[in-house]
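Undergrad: The structure follows.
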Amino acid sequence: MALDQAEWKRLEDKAHELRKLTLETVIWAGSGHIGGSLSAMDVLTALYYHEMNFKGDQLDDPDRDRFVLSKGHIGVGFAPVLADLGCFPKDWLKEYNHTLSPLGMHPSAEMVPGVEVSTGSLGHGLSVAVGMAMGAKLGKKDWRTYTLLGDGECCEGSVWEGAMAASNFKLDNLVAIVDRNALMMDGPTEDVMAMEPFAEKWKAFGWEVFDIDGNNISEIVDALDKAKETKGKPSVIIANTTKGAGIDFISGDYKWHYGAFADDLADKARESLDRYHDERLARVKGA
Ligand SMILES: Cc1ncc(C[n+]2csc(CCOP(=O)(O)OP(=O)(O)O)c2C)c(N)n1
């Protein structure tokens, strides 16, 4: 069902709050993976605040939907989501990546409530998610599995082994979302290791493909709805995004894959996020 305006606005406000909290967390940490955290924030918001059956105070619910952050380097964007959902105190964010903090650069399932699988070494999350989705099928359970990958991550051959297995086992309870920001750590994907024709590759591997604007929450929700209706095969959402979305002086710049904000830049970044939110609210009103 199409997203109504009130729900869309609620999700926009939440995504804005989380982008701001991510920026502050990078500042508290001293530095962090800001670019890929911001490109993915709309997807994380749509999943955790609209789509998934997941509650921060019921982490042992056997029927909860599962999420695997395959692009685990954006722990600094994921931790604010889990903190906001009540998985752990928000104060933990102030010591993100400090010595002895449970919140390291990459999410640890052993140390951080709400993290299902430890990730950070790229290329593993999809295969783990395949195993989870198979487990649900074998156990005749209705919960669903979601995983978020980076497009640069798709250079890893193991991603395509997972993709092959998911369609072989007809895992229609599995949704992979690829953050297609078209940049990886050291340049544009098409210069470093060409991905295109990306949608066709997934189709050839037997997946249902949704190619969308991944910084439009309404389009993300729509694709997630359609994925739920897809039977007999897994779905992939190619979420075309902008790396660093929301902070104008880092947006679309691969050199801001990872970075630090000096005081003057931090204020500029905060102001830019506020302007970005205003522009996006105008889009909601105009819809
Ligand atoms: C196996 C492995 N190799 C290398 C790295 C180092 N690394 C961290 S992020 C990154 C780039 C990933 O690019 P992409 O998946 O496009 O991430 P995004 O642009 O969405 O942040 C690399 C190579 C890693 N984490 N794991």
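Going through the structure tokens in order, the chains are called A, B, and so on, while each chain numbers its residues from 1 and the ligands are numbered from 1 in the order shown.
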List as a ChimeraX atom specification the protein and nucleic acid residues lying within 7 Å of ligand 1, with only C-alpha atoms and all ligand atoms counted.

TA: /A:35-37,71,73-74,120-123,149-154,179,181-185,243,257

Undergrad: As a compact mmCIF listing (two decimals) with N, CA and C atoms, in the first residue's frame, list the residues of range 108-185 of chain A assigned to alpha helix (DSSP H) by DSSP on the backbone atoms of this structure.

TA:
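See part.txt below for the written result:
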# COMPACT_ATOMS: atom_id res chain seq x y z
N GLY A 125 27.72 -11.13 4.62
CA GLY A 125 26.37 -10.96 5.15
C GLY A 125 25.29 -11.66 4.34
N LEU A 126 25.40 -11.63 3.02
CA LEU A 126 24.34 -12.24 2.21
C LEU A 126 24.26 -13.74 2.48
N SER A 127 25.43 -14.39 2.55
CA SER A 127 25.40 -15.85 2.77
C SER A 127 24.84 -16.19 4.15
N VAL A 128 25.15 -15.36 5.14
CA VAL A 128 24.59 -15.60 6.48
C VAL A 128 23.07 -15.40 6.43
N ALA A 129 22.65 -14.36 5.72
CA ALA A 129 21.21 -14.09 5.59
C ALA A 129 20.51 -15.22 4.84
N VAL A 130 21.18 -15.81 3.87
CA VAL A 130 20.62 -16.97 3.16
C VAL A 130 20.37 -18.10 4.16
N GLY A 131 21.35 -18.33 5.02
CA GLY A 131 21.19 -19.38 6.03
C GLY A 131 20.04 -19.10 6.97
N MET A 132 19.89 -17.84 7.37
CA MET A 132 18.78 -17.48 8.26
C MET A 132 17.44 -17.71 7.57
N ALA A 133 17.35 -17.27 6.32
CA ALA A 133 16.08 -17.41 5.58
C ALA A 133 15.75 -18.88 5.36
N MET A 134 16.78 -19.69 5.11
CA MET A 134 16.54 -21.14 4.98
C MET A 134 16.05 -21.71 6.29
N GLY A 135 16.64 -21.23 7.39
CA GLY A 135 16.22 -21.70 8.72
C GLY A 135 14.74 -21.41 8.97
N ALA A 136 14.32 -20.21 8.57
CA ALA A 136 12.90 -19.86 8.76
C ALA A 136 12.02 -20.77 7.93
N LYS A 137 12.43 -21.03 6.69
CA LYS A 137 11.63 -21.92 5.81
C LYS A 137 11.54 -23.32 6.42
N LEU A 138 12.70 -23.84 6.82
CA LEU A 138 12.71 -25.22 7.34
C LEU A 138 11.87 -25.32 8.62
N GLY A 157 33.41 -12.20 -4.55
CA GLY A 157 32.79 -13.35 -5.20
C GLY A 157 31.78 -14.06 -4.32
N SER A 158 32.00 -14.01 -2.99
CA SER A 158 31.09 -14.70 -2.08
C SER A 158 29.67 -14.13 -2.14
N VAL A 159 29.54 -12.85 -2.53
CA VAL A 159 28.20 -12.27 -2.67
C VAL A 159 27.42 -13.05 -3.72
N TRP A 160 28.12 -13.41 -4.80
CA TRP A 160 27.42 -14.08 -5.91
C TRP A 160 27.18 -15.56 -5.62
N GLU A 161 27.98 -16.14 -4.76
CA GLU A 161 27.67 -17.51 -4.30
C GLU A 161 26.39 -17.48 -3.47
N GLY A 162 26.28 -16.47 -2.60
CA GLY A 162 25.06 -16.32 -1.79
C GLY A 162 23.85 -16.07 -2.68
N ALA A 163 24.06 -15.24 -3.70
CA ALA A 163 22.95 -14.90 -4.61
C ALA A 163 22.46 -16.16 -5.33
N MET A 164 23.40 -16.98 -5.75
CA MET A 164 23.05 -18.22 -6.46
C MET A 164 22.27 -19.16 -5.54
N ALA A 165 22.74 -19.29 -4.30
CA ALA A 165 22.08 -20.19 -3.35
C ALA A 165 20.67 -19.70 -3.03
N ALA A 166 20.52 -18.38 -2.86
CA ALA A 166 19.20 -17.85 -2.48
C ALA A 166 18.14 -18.17 -3.53
N SER A 167 18.51 -18.06 -4.80
CA SER A 167 17.49 -18.37 -5.81
C SER A 167 17.34 -19.88 -5.95
N ASN A 168 18.43 -20.61 -5.80
CA ASN A 168 18.32 -22.08 -5.86
C ASN A 168 17.32 -22.59 -4.84

Undergrad: Would you compute the distance between CA of Val76 in chain A and CA of Gly104 in chain A? Give it in Å to one decimal.

TA: 8.7 Å

Undergrad: Near Cys87 in chain A, counting only C-alpha atoms, which residues have an atom at most 6 Å away, once you skip same-chain residues fewer than 2 positions from it, shown as JSON, numbers by chain?

TA: {"A": [56, 82, 83, 85, 113, 114]}

Undergrad: What does the file look like for those residues with all heavy atoms, as an mmCIF file, in the first residue's frame?

TA:
data_model
loop_
_atom_site.group_PDB
_atom_site.id
_atom_site.type_symbol
_atom_site.label_atom_id
_atom_site.label_comp_id
_atom_site.auth_asym_id
_atom_site.auth_seq_id
_atom_site.Cartn_x
_atom_site.Cartn_y
_atom_site.Cartn_z
ATOM 1 N N GLY A 56 13.007 -2.968 20.160
ATOM 2 C CA GLY A 56 14.244 -2.855 20.932
ATOM 3 C C GLY A 56 14.161 -3.489 22.306
ATOM 4 O O GLY A 56 15.194 -3.837 22.891
ATOM 5 N N LEU A 82 19.881 1.526 16.490
ATOM 6 C CA LEU A 82 19.620 0.565 17.572
ATOM 7 C C LEU A 82 19.454 1.268 18.915
ATOM 8 O O LEU A 82 18.600 0.890 19.725
ATOM 9 C CB LEU A 82 20.756 -0.467 17.642
ATOM 10 C CG LEU A 82 20.911 -1.370 16.400
ATOM 11 C CD1 LEU A 82 22.075 -2.336 16.595
ATOM 12 C CD2 LEU A 82 19.629 -2.145 16.113
ATOM 13 N N ALA A 83 20.242 2.314 19.135
ATOM 14 C CA ALA A 83 20.108 3.068 20.390
ATOM 15 C C ALA A 83 18.744 3.739 20.450
ATOM 16 O O ALA A 83 18.050 3.694 21.474
ATOM 17 C CB ALA A 83 21.221 4.112 20.486
ATOM 18 N N LEU A 85 16.066 2.823 19.072
ATOM 19 C CA LEU A 85 15.010 1.813 19.253
ATOM 20 C C LEU A 85 15.016 1.239 20.672
ATOM 21 O O LEU A 85 14.165 0.423 21.010
ATOM 22 C CB LEU A 85 15.193 0.674 18.238
ATOM 23 C CG LEU A 85 14.882 1.034 16.780
ATOM 24 C CD1 LEU A 85 15.447 -0.041 15.842
ATOM 25 C CD2 LEU A 85 13.388 1.188 16.555
ATOM 26 N N PRO A 113 23.605 -5.252 21.965
ATOM 27 C CA PRO A 113 22.233 -5.752 21.863
ATOM 28 C C PRO A 113 21.556 -5.242 20.591
ATOM 29 O O PRO A 113 21.664 -4.066 20.254
ATOM 30 C CB PRO A 113 21.548 -5.164 23.114
ATOM 31 C CG PRO A 113 22.671 -4.848 24.059
ATOM 32 C CD PRO A 113 23.848 -4.493 23.211
ATOM 33 N N GLY A 114 20.899 -6.142 19.902
ATOM 34 C CA GLY A 114 20.181 -5.767 18.674
ATOM 35 C C GLY A 114 20.927 -6.131 17.414
ATOM 36 O O GLY A 114 20.327 -6.199 16.341
#

Undergrad: Excluding range 20-23 of chain A and residues on its chain fewer than 4 positions from it, collect all residues at most 9 Å away from it, counting only C-alpha atoms, and give them as a list in words.

TA: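 Non-adjacent residues within range: Ala15, His16, Ile27, Trp28, Ile34, Ser37, Leu38, Val76, Gly77, Phe78, Ala79, Pro80, Val81, Leu93, Phe261, Ala266, Ala269, Arg270, Leu273 and Asp274 of chain A.
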
Undergrad: As an exercise, work out the distance from CA of Asn173 in chain A to CA of Trp143 in chain A in Å and give it to one decimal place.

TA: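 So the two atoms, CA of Asn173 in chain A and CA of Trp143 in chain A, lie 7.6 Å apart.
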
Undergrad: Rank nothing, just name the residue among A:Val68, A:Leu171, A:Ala46, A:Leu103 nearest to Trp8 in chain A, using only C-alpha atoms.

TA: A:Ala46

Undergrad: Just how far from CA of Met105 in chain A is CA of Ile250 in chain A, in Å to one decimal?

TA: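 Separation between CA of Ile250 in chain A and CA of Met105 in chain A: 20.3 Å.
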